[in-house]
>>> print(open('coords-v8.cif').read())   # mmCIF, C-alpha atoms and all ligand atoms
data_final
loop_
_atom_site.label_atom_id
_atom_site.label_comp_id
_atom_site.auth_asym_id
_atom_site.auth_seq_id
_atom_site.Cartn_x
_atom_site.Cartn_y
_atom_site.Cartn_z
CA MET A 1 50.83 19.06 53.16
CA THR A 2 49.35 21.91 55.17
CA ILE A 3 48.39 25.49 54.55
CA LEU A 4 48.85 28.31 57.06
CA VAL A 5 46.05 30.88 57.12
CA THR A 6 46.50 34.13 59.06
CA GLY A 7 43.45 36.07 60.23
CA GLY A 8 41.30 32.97 59.82
CA ALA A 9 38.93 33.91 62.67
CA GLY A 10 37.74 37.04 60.83
CA PHE A 11 34.97 37.35 58.27
CA ILE A 12 36.65 36.22 55.05
CA GLY A 13 39.27 33.99 56.67
CA SER A 14 36.67 31.91 58.52
CA ASN A 15 34.58 31.51 55.36
CA PHE A 16 37.77 30.49 53.53
CA ILE A 17 38.70 27.83 56.11
CA ILE A 18 35.19 26.35 56.16
CA ASP A 19 35.13 26.23 52.34
CA TRP A 20 38.64 24.79 52.17
CA LEU A 21 37.87 21.91 54.52
CA ALA A 22 34.62 21.23 52.66
CA GLN A 23 36.49 20.92 49.36
CA CYS A 24 39.72 19.09 50.15
CA ASP A 25 41.51 17.07 52.80
CA GLU A 26 44.56 19.25 53.21
CA PRO A 27 44.95 20.46 56.82
CA VAL A 28 44.73 24.14 57.77
CA LEU A 29 46.59 25.89 60.54
CA ASN A 30 44.86 29.12 61.54
CA LEU A 31 46.93 31.84 63.22
CA ASP A 32 44.85 34.73 64.53
CA LYS A 33 45.41 37.39 67.17
CA LEU A 34 41.69 37.47 68.01
CA THR A 35 41.22 41.21 67.90
CA TYR A 36 37.65 42.54 68.24
CA ALA A 37 37.11 41.22 64.66
CA GLY A 38 38.36 37.69 65.32
CA ASN A 39 35.67 35.30 66.51
CA LEU A 40 36.25 31.58 67.05
CA GLU A 41 32.48 31.06 67.04
CA ASN A 42 32.71 31.53 63.24
CA LEU A 43 34.68 28.27 63.15
CA SER A 44 32.52 26.20 65.49
CA SER A 45 31.57 23.91 62.58
CA VAL A 46 35.21 22.81 62.13
CA ARG A 47 36.27 22.75 65.78
CA GLY A 48 37.36 19.20 66.56
CA ASP A 49 38.08 18.42 62.90
CA PRO A 50 41.49 16.71 62.90
CA ARG A 51 42.48 18.68 59.79
CA TYR A 52 42.03 22.02 61.58
CA ALA A 53 44.24 23.64 64.24
CA PHE A 54 44.20 27.10 65.80
CA VAL A 55 47.00 29.16 67.31
CA GLN A 56 46.37 32.53 68.91
CA GLY A 57 49.10 35.00 67.99
CA ASP A 58 50.20 38.10 66.15
CA ILE A 59 51.61 38.11 62.61
CA GLY A 60 54.12 40.61 63.99
CA ASP A 61 55.55 38.03 66.42
CA ARG A 62 58.49 36.74 64.39
CA ALA A 63 59.62 34.09 66.85
CA LEU A 64 56.13 32.61 66.93
CA ILE A 65 55.75 32.65 63.13
CA GLU A 66 59.21 31.17 62.53
CA GLY A 67 58.49 28.40 65.03
CA LEU A 68 55.15 27.59 63.37
CA LEU A 69 56.72 27.52 59.91
CA GLN A 70 59.52 25.21 61.00
CA ARG A 71 57.21 22.87 62.92
CA HIS A 72 54.34 22.62 60.42
CA ARG A 73 56.24 23.25 57.18
CA PRO A 74 53.19 24.59 55.27
CA ARG A 75 53.26 24.54 51.47
CA ALA A 76 51.39 27.87 51.37
CA LEU A 77 50.64 30.86 53.55
CA ILE A 78 47.49 32.89 52.90
CA ASN A 79 47.54 36.25 54.64
CA PHE A 80 44.11 37.55 55.60
CA ALA A 81 45.23 39.10 58.91
CA ALA A 82 44.62 42.84 58.91
CA GLU A 83 42.81 45.72 60.46
CA SER A 84 40.07 46.08 57.88
CA HIS A 85 37.59 48.86 58.66
CA VAL A 86 38.02 52.30 57.05
CA ASP A 87 36.09 54.18 59.75
CA ARG A 88 38.25 52.67 62.49
CA SER A 89 41.36 53.65 60.52
CA ILE A 90 40.13 57.25 60.56
CA HIS A 91 39.64 57.21 64.34
CA GLY A 92 42.89 55.36 65.07
CA PRO A 93 45.36 54.61 62.26
CA GLY A 94 48.13 53.27 64.54
CA GLU A 95 46.92 49.65 64.64
CA PHE A 96 46.60 49.69 60.84
CA ILE A 97 50.23 50.68 60.43
CA GLN A 98 51.28 48.08 62.98
CA THR A 99 49.37 45.06 61.68
CA ASN A 100 48.95 45.81 57.99
CA ILE A 101 52.43 47.16 57.30
CA VAL A 102 54.78 46.06 60.09
CA GLY A 103 52.93 42.76 60.58
CA THR A 104 53.10 41.91 56.86
CA PHE A 105 56.78 42.84 56.84
CA ASN A 106 57.39 40.47 59.75
CA LEU A 107 55.53 37.67 57.98
CA LEU A 108 57.58 38.23 54.84
CA GLU A 109 60.83 38.15 56.79
CA SER A 110 59.82 34.90 58.52
CA VAL A 111 58.75 33.36 55.25
CA ARG A 112 61.97 34.47 53.56
CA ALA A 113 64.02 32.57 56.16
CA TYR A 114 61.69 29.56 55.88
CA PHE A 115 61.88 29.60 52.07
CA ALA A 116 65.68 29.61 52.24
CA SER A 117 65.53 26.41 54.34
CA MET A 118 63.53 24.48 51.70
CA ASN A 119 64.78 22.01 49.13
CA ASP A 120 64.13 22.71 45.43
CA ALA A 121 60.91 20.67 45.26
CA GLU A 122 59.50 22.45 48.31
CA LYS A 123 60.54 25.81 46.88
CA SER A 124 58.84 25.24 43.56
CA GLY A 125 55.55 24.32 45.26
CA PHE A 126 55.52 27.06 47.90
CA ARG A 127 53.20 30.13 47.67
CA PHE A 128 52.72 33.28 49.75
CA LEU A 129 49.28 34.63 48.88
CA HIS A 130 48.52 38.14 50.12
CA VAL A 131 44.84 39.09 50.32
CA SER A 132 44.34 42.75 49.54
CA THR A 133 41.71 45.23 48.49
CA ASP A 134 40.59 47.31 45.51
CA GLU A 135 40.75 50.37 47.79
CA VAL A 136 44.50 50.70 47.06
CA TYR A 137 43.56 52.15 43.65
CA GLY A 138 41.73 55.13 45.15
CA SER A 139 38.45 56.60 43.96
CA LEU A 140 36.93 56.59 40.45
CA LYS A 141 34.89 59.27 38.72
CA ALA A 142 31.51 58.18 37.32
CA SER A 143 32.89 57.95 33.77
CA ASP A 144 36.22 56.24 34.59
CA PRO A 145 36.83 52.64 33.50
CA ALA A 146 36.91 50.06 36.31
CA PHE A 147 40.21 49.34 38.13
CA SER A 148 42.54 47.01 36.28
CA GLU A 149 45.77 45.56 37.67
CA THR A 150 47.76 48.28 35.89
CA ASN A 151 45.98 51.20 37.56
CA ARG A 152 48.31 53.27 39.68
CA TYR A 153 48.01 53.05 43.45
CA GLU A 154 46.26 56.12 44.92
CA PRO A 155 45.07 55.09 48.40
CA ASN A 156 43.04 57.72 50.26
CA SER A 157 42.34 56.34 53.76
CA PRO A 158 44.76 55.15 56.42
CA TYR A 159 43.31 51.67 55.82
CA SER A 160 43.91 51.66 52.07
CA ALA A 161 47.32 53.31 52.46
CA SER A 162 48.39 50.59 54.89
CA LYS A 163 47.15 47.85 52.55
CA ALA A 164 48.92 49.55 49.63
CA ALA A 165 52.16 49.58 51.62
CA SER A 166 51.77 45.88 52.38
CA ASP A 167 51.16 45.12 48.68
CA HIS A 168 54.36 46.97 47.80
CA LEU A 169 56.35 44.98 50.35
CA VAL A 170 54.97 41.71 48.98
CA ARG A 171 55.92 42.77 45.45
CA ALA A 172 59.40 43.80 46.57
CA TYR A 173 60.02 40.43 48.26
CA HIS A 174 59.30 38.74 44.95
CA HIS A 175 61.54 41.00 42.90
CA THR A 176 64.37 41.20 45.40
CA TYR A 177 64.40 37.80 47.08
CA GLY A 178 62.50 35.65 44.60
CA LEU A 179 59.75 34.84 47.10
CA PRO A 180 56.89 33.08 45.23
CA VAL A 181 54.13 35.58 45.97
CA LEU A 182 50.63 36.20 44.63
CA THR A 183 48.45 39.21 45.47
CA THR A 184 44.69 39.50 45.11
CA ASN A 185 42.87 42.85 45.17
CA CYS A 186 39.21 42.27 45.85
CA SER A 187 36.14 44.48 46.00
CA ASN A 188 33.71 44.76 48.94
CA ASN A 189 32.64 41.39 50.31
CA TYR A 190 29.41 40.46 52.07
CA GLY A 191 28.01 37.24 53.51
CA PRO A 192 27.87 35.18 56.70
CA PHE A 193 30.07 36.06 59.70
CA GLN A 194 30.74 39.67 58.66
CA PHE A 195 31.18 41.84 61.74
CA PRO A 196 28.30 44.33 62.02
CA GLU A 197 30.49 47.41 61.66
CA LYS A 198 30.50 47.13 57.84
CA LEU A 199 27.61 48.46 55.75
CA ILE A 200 25.56 45.33 54.99
CA PRO A 201 25.54 43.58 58.38
CA LEU A 202 25.23 46.91 60.22
CA MET A 203 22.07 47.70 58.26
CA ILE A 204 20.55 44.27 58.90
CA VAL A 205 21.36 44.33 62.60
CA ASN A 206 20.20 47.93 63.10
CA ALA A 207 16.99 47.35 61.16
CA LEU A 208 16.08 44.35 63.30
CA ALA A 209 16.88 46.29 66.49
CA GLY A 210 14.62 49.18 65.45
CA LYS A 211 17.63 51.52 65.21
CA PRO A 212 18.42 54.17 62.56
CA LEU A 213 20.03 53.01 59.29
CA PRO A 214 22.87 55.56 58.96
CA ILE A 215 23.58 56.61 55.36
CA TYR A 216 26.80 58.59 55.03
CA GLY A 217 26.39 61.74 52.90
CA ASP A 218 24.02 61.31 49.95
CA GLY A 219 24.28 57.50 49.83
CA GLN A 220 25.33 57.62 46.17
CA GLN A 221 28.85 56.26 46.75
CA ILE A 222 29.40 53.18 44.60
CA ARG A 223 31.03 49.91 45.58
CA ASP A 224 31.41 46.62 43.67
CA TRP A 225 29.93 43.88 45.87
CA LEU A 226 31.07 40.25 45.85
CA TYR A 227 29.59 37.36 47.84
CA VAL A 228 32.28 36.02 50.19
CA GLY A 229 32.04 32.45 48.86
CA ASP A 230 33.03 33.74 45.43
CA HIS A 231 36.03 35.54 46.93
CA CYS A 232 37.09 32.28 48.57
CA SER A 233 36.85 30.34 45.30
CA ALA A 234 38.88 33.04 43.52
CA ILE A 235 41.64 32.82 46.14
CA ARG A 236 41.77 29.03 45.76
CA ARG A 237 42.02 29.44 42.01
CA VAL A 238 44.85 32.00 42.25
CA LEU A 239 46.66 29.79 44.75
CA ASP A 240 46.40 26.82 42.37
CA ALA A 241 47.21 28.48 39.07
CA GLY A 242 48.19 32.15 39.52
CA ARG A 243 51.43 33.27 37.90
CA LEU A 244 54.13 34.07 40.45
CA GLY A 245 54.59 37.74 41.27
CA GLU A 246 51.28 38.67 39.58
CA THR A 247 48.35 40.55 41.05
CA TYR A 248 44.75 39.58 40.31
CA ASN A 249 41.72 41.84 40.70
CA ILE A 250 38.65 40.03 42.02
CA GLY A 251 35.18 41.51 41.75
CA GLY A 252 31.51 40.77 41.27
CA TRP A 253 30.77 42.81 38.13
CA ASN A 254 28.23 44.38 40.42
CA GLU A 255 28.53 48.12 41.01
CA LYS A 256 25.80 49.61 43.15
CA PRO A 257 25.23 52.85 45.07
CA ASN A 258 25.00 52.39 48.84
CA LEU A 259 21.39 53.50 48.93
CA ASP A 260 20.42 50.73 46.47
CA ILE A 261 22.14 48.20 48.72
CA VAL A 262 20.23 49.45 51.74
CA HIS A 263 16.95 49.36 49.81
CA SER A 264 17.61 45.74 48.76
CA ILE A 265 18.19 44.77 52.39
CA ILE A 266 15.04 46.59 53.48
CA ASP A 267 12.94 44.91 50.78
CA LEU A 268 14.15 41.49 51.92
CA LEU A 269 13.53 42.25 55.58
CA ASP A 270 10.06 43.62 54.77
CA GLU A 271 9.37 40.28 53.06
CA LEU A 272 11.07 37.87 55.46
CA ARG A 273 10.65 39.58 58.86
CA PRO A 274 8.07 42.38 58.51
CA ARG A 275 7.97 45.05 61.21
CA GLN A 276 5.25 44.47 63.77
CA ASP A 277 3.70 47.91 63.11
CA GLY A 278 3.20 47.02 59.43
CA GLN A 279 5.50 49.86 58.29
CA SER A 280 8.54 49.37 56.07
CA TYR A 281 12.06 49.40 57.49
CA ARG A 282 12.56 52.39 55.13
CA GLN A 283 11.20 54.49 58.00
CA GLN A 284 14.51 53.88 59.78
CA ILE A 285 16.79 55.39 57.09
CA ALA A 286 18.75 58.33 58.52
CA TYR A 287 21.15 60.49 56.51
CA VAL A 288 24.21 61.32 58.61
CA THR A 289 27.42 63.32 58.20
CA ASP A 290 29.69 61.84 55.55
CA ARG A 291 32.90 59.93 56.22
CA PRO A 292 35.97 62.22 55.89
CA GLY A 293 37.76 61.63 52.57
CA HIS A 294 35.00 59.22 51.50
CA ASP A 295 35.93 57.46 48.23
CA ARG A 296 33.14 58.03 45.73
CA ARG A 297 33.36 54.96 43.53
CA TYR A 298 35.17 51.62 43.34
CA ALA A 299 34.73 49.27 40.39
CA ILE A 300 36.72 46.17 39.48
CA ASP A 301 37.62 44.91 36.06
CA ALA A 302 37.94 41.21 36.84
CA GLY A 303 38.85 40.34 33.25
CA LYS A 304 42.39 39.13 33.96
CA ILE A 305 41.41 36.41 36.44
CA GLU A 306 38.66 35.32 34.05
CA ARG A 307 40.93 35.20 30.99
CA GLU A 308 43.96 33.63 32.69
CA LEU A 309 42.38 31.42 35.33
CA GLY A 310 38.81 30.95 34.14
CA TRP A 311 37.26 32.35 37.33
CA ARG A 312 33.93 34.15 37.47
CA PRO A 313 31.60 34.72 40.42
CA VAL A 314 28.75 32.26 40.80
CA GLU A 315 26.35 34.32 42.93
CA THR A 316 24.36 37.23 41.57
CA PHE A 317 23.81 40.12 43.98
CA GLU A 318 20.16 39.06 44.30
CA SER A 319 21.02 35.47 45.29
CA GLY A 320 23.92 36.50 47.55
CA ILE A 321 22.10 39.22 49.46
CA ARG A 322 19.09 36.95 50.03
CA LYS A 323 21.35 34.25 51.50
CA THR A 324 23.09 36.84 53.63
CA VAL A 325 19.94 38.42 55.08
CA GLN A 326 18.57 34.93 55.77
CA TRP A 327 21.83 33.96 57.51
CA TYR A 328 21.60 36.95 59.89
CA LEU A 329 17.92 36.17 60.56
CA ASP A 330 18.90 32.61 61.44
CA HIS A 331 21.82 33.62 63.68
CA ALA A 332 20.39 35.93 66.33
CA GLU A 333 22.66 34.38 68.95
CA TRP A 334 25.81 35.06 66.88
CA ILE A 335 24.66 38.68 66.52
CA SER A 336 24.02 39.10 70.20
CA ASN A 337 27.37 37.49 71.12
CA VAL A 338 29.36 39.96 68.99
CA GLN A 339 27.54 42.97 70.41
CA SER A 340 29.84 43.23 73.39
CA GLY A 341 30.61 46.38 75.37
CA ALA A 342 33.47 47.07 72.98
CA TYR A 343 31.06 46.95 70.03
CA ARG A 344 28.71 49.42 71.73
CA GLU A 345 31.63 51.73 72.47
CA TRP A 346 32.55 51.65 68.77
CA LEU A 347 29.01 52.56 67.69
CA ASP A 348 29.07 55.45 70.12
CA LYS A 349 32.44 56.66 68.86
CA ASN A 350 31.55 56.42 65.16
CA TYR A 351 27.93 57.54 65.11
CA SER A 352 27.29 59.87 68.06
CA GLY A 353 29.23 62.76 66.49
CA ARG A 354 27.35 62.58 63.16
CA ASP A 355 24.42 64.99 62.81
CA ALA A 356 21.20 63.39 61.63
P1 LIG B 1 38.20 41.08 59.52
O1 LIG B 1 38.49 42.40 60.18
O2 LIG B 1 36.84 40.49 59.62
O3 LIG B 1 39.23 39.97 60.07
C1 LIG B 1 40.57 40.21 60.27
C2 LIG B 1 41.14 39.07 61.12
O4 LIG B 1 42.55 39.32 61.30
C3 LIG B 1 40.52 38.97 62.51
O5 LIG B 1 40.24 37.63 62.80
C4 LIG B 1 41.62 39.51 63.42
O6 LIG B 1 41.59 38.94 64.72
C5 LIG B 1 42.86 39.11 62.66
N1 LIG B 1 44.02 39.95 62.99
C6 LIG B 1 44.06 41.31 63.06
N2 LIG B 1 45.29 41.71 63.39
C7 LIG B 1 46.06 40.60 63.49
C8 LIG B 1 47.43 40.37 63.79
N3 LIG B 1 48.25 41.39 64.06
N4 LIG B 1 47.88 39.11 63.81
C9 LIG B 1 47.04 38.06 63.55
N5 LIG B 1 45.74 38.22 63.29
C10 LIG B 1 45.25 39.48 63.25
O7 LIG B 1 38.63 41.28 58.01
P2 LIG B 1 38.05 40.61 56.69
O8 LIG B 1 36.93 41.45 56.20
O9 LIG B 1 37.86 39.17 56.91
O10 LIG B 1 39.27 40.85 55.69
C11 LIG B 1 40.32 39.89 55.56
C12 LIG B 1 41.35 40.41 54.58
O11 LIG B 1 40.71 40.67 53.33
C13 LIG B 1 41.98 41.73 55.01
O12 LIG B 1 43.34 41.69 54.68
C14 LIG B 1 41.26 42.78 54.18
O13 LIG B 1 42.10 43.89 53.93
C15 LIG B 1 40.98 42.00 52.92
N6 LIG B 1 39.79 42.43 52.16
C16 LIG B 1 38.59 42.57 52.78
C17 LIG B 1 37.47 42.94 52.04
C18 LIG B 1 36.11 43.09 52.68
O14 LIG B 1 35.17 43.53 52.02
N7 LIG B 1 35.91 42.70 53.94
C19 LIG B 1 37.59 43.18 50.67
C20 LIG B 1 38.85 43.02 50.06
C21 LIG B 1 39.94 42.64 50.82
P1 LIG B 2 32.10 49.69 54.50
O1 LIG B 2 31.25 48.47 54.64
O2 LIG B 2 32.69 50.31 55.73
O3 LIG B 2 33.23 49.33 53.43
P2 LIG B 2 34.31 50.30 52.68
O4 LIG B 2 34.31 51.63 53.33
O5 LIG B 2 35.57 49.55 52.91
O6 LIG B 2 33.87 50.34 51.25
O7 LIG B 2 31.25 50.80 53.78
C1 LIG B 2 30.68 50.56 52.50
C2 LIG B 2 30.03 51.85 52.04
O8 LIG B 2 28.93 52.15 52.91
C3 LIG B 2 30.96 53.05 52.13
O9 LIG B 2 30.70 53.91 51.01
C4 LIG B 2 30.55 53.73 53.41
C5 LIG B 2 29.07 53.44 53.52
N1 LIG B 2 28.53 53.33 54.90
C6 LIG B 2 27.40 54.08 55.26
O10 LIG B 2 26.82 54.84 54.44
N2 LIG B 2 26.93 53.97 56.53
C7 LIG B 2 27.53 53.17 57.47
O11 LIG B 2 27.08 53.14 58.65
C8 LIG B 2 28.69 52.40 57.08
C9 LIG B 2 29.37 51.50 58.07
C10 LIG B 2 29.14 52.51 55.78
#
>>> encode(input="coords-v8.cif", output="structure tokens", more="lines below")
Ligand code: NAD
Ligand code: TYD
Amino acid sequence: MTILVTGGAGFIGSNFIIDWLAQCDEPVLNLDKLTYAGNLENLSSVRGDPRYAFVQGDIGDRALIEGLLQRHRPRALINFAAESHVDRSIHGPGEFIQTNIVGTFNLLESVRAYFASMNDAEKSGFRFLHVSTDEVYGSLKASDPAFSETNRYEPNSPYSASKAASDHLVRAYHHTYGLPVLTTNCSNNYGPFQFPEKLIPLMIVNALAGKPLPIYGDGQQIRDWLYVGDHCSAIRRVLDAGRLGETYNIGGWNEKPNLDIVHSIIDLLDELRPRQDGQSYRQQIAYVTDRPGHDRRYAIDAGKIERELGWRPVETFESGIRKTVQWYLDHAEWISNVQSGAYREWLDKNYSGRDA
């Protein structure tokens, strides 16, 4: 038995593969295009492991996917591959449409043909698990209840709209073709190997480099933060026991305004790697122009996965953020390797136009 993971060289996918191989013996085939966000260095601990194999390729390449499915005959496909950063989707939505919508459609078509070639026993064991986001539900007001699986889809950014479209396709392939699908909608993740374009690693990396810590707008936007290891355990649980065709919200029961997140990071850095001038990293906070269409609040009601599958996060925000800050402090070389010319160009594109 084998599982096929797409996008396994990215942040969550690489954590998932490392966790998977630590917990069971089932081989993993990782298909990743290696965009700017894909980094094989994340998987250096499993390179050479006979249970792990990597193929570079695009989920939109149907001939490649069909060949891999026929050759490896995986019993599950877990789709992490996506363009994942809201700010990039604002600057250039095209890649998001291509990978998140057209790419997912291509995967579904390939899997539909593969599923049709299976015998009954293979069919009953097969799963297509689509990893999605809470951002498909749109933005909450302060007094609104958290997102449940029955909330309507109201995506507001090109990123969330493209993920919403992919979720709809996955749902349709279950209803129309009987494909055994599962969808997870998770809140904001943080932890090791997250590319420093997202809030938490960007703040750590900028703080250590003596650069400004850019807070969009008033910094009071709320996200629900989940440690990546908990997201991985939730996906494993849904894969094992989720009901076919269902969606499961995954979250950390941990809503916090962005400014609180940045203050937590600063407090940890002040403790673990104090600035040489004796001042706090708070000196580096800089309020900048807000993101266009910025969603004010996300919050996840993770009651269904708890009731049906008995899953709850293990990490608290305090334990998870401490591990994360420590990981970045211990991995200066990883940080410097991802700060290529392309990364610097992105920082210039996203931050130079924002007034301080
Ligand atoms: P990421 O950007 O770190 O990684 C994405 C990976 O997909 C990269 O390795 C990239 O090379 C690969 N990829 C991109 N386009 C591809 C293509 N066309 N074919 C094959 N591979 C391709 O993203 P992430 O943060 O690890 O997110 C993984 C998944 O989880 C995404 O689907 C995202 O929408 C979802 N998600 C992320 C979060 C979060 O907080 N990061 C929260 C909820 C859901
Ligand atoms: P991000 O990590 O990009 O995730 P998402 O937009 O998918 O939630 O951003 C998290 C929050 O942090 C979001 O409200 C935007 C805000 N943010 C900043 O204030 N400054 C920054 O430089 C970045 C990257 C994000």
>>> residues_near_ligand(input="coords-v8.cif", ligand="ligand LIG 2 (chain B)", cutoff="6 Å", atoms="all atoms listed in the file", output="list of chain:residue names")
A:His85, A:Val86, A:Glu197, A:Lys198, A:Leu199, A:Pro214, A:Ile215, A:Tyr216, A:Gly219, A:Gln221, A:Asn258
>>> atom_distance(input="coords-v8.cif", atom1="atom CA of Trp225 of chain A", atom2="atom CA of Trp253 of chain A")
7.9 Å
>>> closest_residue(input="coords-v8.cif", among="A:Phe54, A:Tyr248, A:Trp20, A:Trp346", to="His130 of chain A", atoms="all atoms listed in the file")
A:Tyr248
>>> residues_near_ligand(input="coords-v8.cif", ligand="ligand LIG 1 (chain B)", cutoff="7 Å", atoms="all atoms listed in the file", output="NGL selection string")
:A and (6-13 or 31-39 or 57-60 or 79-85 or 99 or 103 or 131-134 or 163 or 185-190 or 194-195)
>>> write_last_selection(input="coords-v8.cif", atoms="C-alpha atoms", output="tab-separated table (two decimals), in the frame of the given file")
chain	number	residue	atom	x	y	z
A	6	THR	CA	46.50	34.13	59.06
A	7	GLY	CA	43.45	36.07	60.23
A	8	GLY	CA	41.30	32.97	59.82
A	9	ALA	CA	38.93	33.91	62.67
A	10	GLY	CA	37.74	37.04	60.83
A	11	PHE	CA	34.97	37.35	58.27
A	12	ILE	CA	36.65	36.22	55.05
A	13	GLY	CA	39.27	33.99	56.67
A	31	LEU	CA	46.93	31.84	63.22
A	32	ASP	CA	44.85	34.73	64.53
A	33	LYS	CA	45.41	37.39	67.17
A	34	LEU	CA	41.69	37.47	68.01
A	35	THR	CA	41.22	41.21	67.90
A	36	TYR	CA	37.65	42.54	68.24
A	37	ALA	CA	37.11	41.22	64.66
A	38	GLY	CA	38.36	37.69	65.32
A	39	ASN	CA	35.67	35.30	66.51
A	57	GLY	CA	49.10	35.00	67.99
A	58	ASP	CA	50.20	38.10	66.15
A	59	ILE	CA	51.61	38.11	62.61
A	60	GLY	CA	54.12	40.61	63.99
A	79	ASN	CA	47.54	36.25	54.64
A	80	PHE	CA	44.11	37.55	55.60
A	81	ALA	CA	45.23	39.10	58.91
A	82	ALA	CA	44.62	42.84	58.91
A	83	GLU	CA	42.81	45.72	60.46
A	84	SER	CA	40.07	46.08	57.88
A	85	HIS	CA	37.59	48.86	58.66
A	99	THR	CA	49.37	45.06	61.68
A	103	GLY	CA	52.93	42.76	60.58
A	131	VAL	CA	44.84	39.09	50.32
A	132	SER	CA	44.34	42.75	49.54
A	133	THR	CA	41.71	45.23	48.49
A	134	ASP	CA	40.59	47.31	45.51
A	163	LYS	CA	47.15	47.85	52.55
A	185	ASN	CA	42.87	42.85	45.17
A	186	CYS	CA	39.21	42.27	45.85
A	187	SER	CA	36.14	44.48	46.00
A	188	ASN	CA	33.71	44.76	48.94
A	189	ASN	CA	32.64	41.39	50.31
A	190	TYR	CA	29.41	40.46	52.07
A	194	GLN	CA	30.74	39.67	58.66
A	195	PHE	CA	31.18	41.84	61.74
>>> residues_around(input="coords-v8.cif", residues="segment 140-147 of chain A", least_positions_apart="2", cutoff="7 Å", atoms="all atoms listed in the file", output="number ranges by chain")
A: 138, 149, 151, 296-301
>>> write_last_selection(input="coords-v8.cif", atoms="C-alpha atoms", output="JSON list (two decimals), in the coordinates of the input")
[["chain", "number", "residue", "atom", "x", "y", "z"],
["A", 138, "GLY", "CA", 41.73, 55.13, 45.15],
["A", 149, "GLU", "CA", 45.77, 45.56, 37.67],
["A", 151, "ASN", "CA", 45.98, 51.20, 37.56],
["A", 296, "ARG", "CA", 33.14, 58.03, 45.73],
["A", 297, "ARG", "CA", 33.36, 54.96, 43.53],
["A", 298, "TYR", "CA", 35.17, 51.62, 43.34],
["A", 299, "ALA", "CA", 34.73, 49.27, 40.39],
["A", 300, "ILE", "CA", 36.72, 46.17, 39.48],
["A", 301, "ASP", "CA", 37.62, 44.91, 36.06]]
>>> closest_residue(input="coords-v8.cif", among="A:Gly293, A:Gly310, A:Pro180, A:Gly191", to="Phe128 of chain A", atoms="only C-alpha atoms")
A:Pro180
>>> residues_around(input="coords-v8.cif", residues="Gly303 of chain A", least_positions_apart="2", cutoff="9 Å", atoms="all atoms listed in the file", output="list in words")
Ser148, Asn249, Ile250, Ile300, Asp301, Ile305, Glu306, Arg307, Glu308 and Arg312 of chain A
>>> write_last_selection(input="coords-v8.cif", atoms="C-alpha atoms", output="mmCIF file, in the coordinates of the input")
data_model
loop_
_atom_site.group_PDB
_atom_site.id
_atom_site.type_symbol
_atom_site.label_atom_id
_atom_site.label_comp_id
_atom_site.auth_asym_id
_atom_site.auth_seq_id
_atom_site.Cartn_x
_atom_site.Cartn_y
_atom_site.Cartn_z
ATOM 1 C CA SER A 148 42.540 47.010 36.280
ATOM 2 C CA ASN A 249 41.720 41.840 40.700
ATOM 3 C CA ILE A 250 38.650 40.030 42.020
ATOM 4 C CA ILE A 300 36.720 46.170 39.480
ATOM 5 C CA ASP A 301 37.620 44.910 36.060
ATOM 6 C CA ILE A 305 41.410 36.410 36.440
ATOM 7 C CA GLU A 306 38.660 35.320 34.050
ATOM 8 C CA ARG A 307 40.930 35.200 30.990
ATOM 9 C CA GLU A 308 43.960 33.630 32.690
ATOM 10 C CA ARG A 312 33.930 34.150 37.470
#
>>> atom_distance(input="coords-v8.cif", atom1="atom CA of Ile17 of chain A", atom2="atom CA of Leu4 of chain A")
10.2 Å
>>> closest_residue(input="coords-v8.cif", among="A:Ile18, A:Val314, A:Leu179, A:Val325", to="Leu202 of chain A", atoms="all atoms listed in the file")
A:Val325
>>> atom_distance(input="coords-v8.cif", atom1="atom CA of Trp327 of chain A", atom2="atom CA of Asp270 of chain A")
15.5 Å
>>> closest_residue(input="coords-v8.cif", among="A:Val111, A:Ala164, A:Ser233, A:Asp330", to="Ala22 of chain A", atoms="all atoms listed in the file")
A:Ser233
>>> closest_residue(input="coords-v8.cif", among="A:Arg47, A:Lys211, A:Arg223, A:Arg88", to="Gln284 of chain A", atoms="all atoms listed in the file")
A:Lys211
>>> build_atoms(input="coords-v8.cif", residues="segment 176-182 of chain A", atoms="N, CA and C atoms", output="compact mmCIF listing (two decimals), in the frame of the given file")
# COMPACT_ATOMS: atom_id res chain seq x y z
N THR A 176 63.04 41.16 44.79
CA THR A 176 64.37 41.20 45.40
C THR A 176 64.86 39.83 45.84
N TYR A 177 63.97 39.07 46.48
CA TYR A 177 64.40 37.80 47.08
C TYR A 177 63.85 36.57 46.37
N GLY A 178 63.04 36.80 45.33
CA GLY A 178 62.50 35.65 44.60
C GLY A 178 61.44 34.89 45.36
N LEU A 179 60.81 35.53 46.36
CA LEU A 179 59.75 34.84 47.10
C LEU A 179 58.57 34.59 46.17
N PRO A 180 58.00 33.39 46.16
CA PRO A 180 56.89 33.08 45.23
C PRO A 180 55.56 33.64 45.74
N VAL A 181 55.31 34.90 45.42
CA VAL A 181 54.13 35.58 45.97
C VAL A 181 53.03 35.72 44.92
N LEU A 182 51.82 35.87 45.44
CA LEU A 182 50.63 36.20 44.63
C LEU A 182 49.85 37.23 45.43
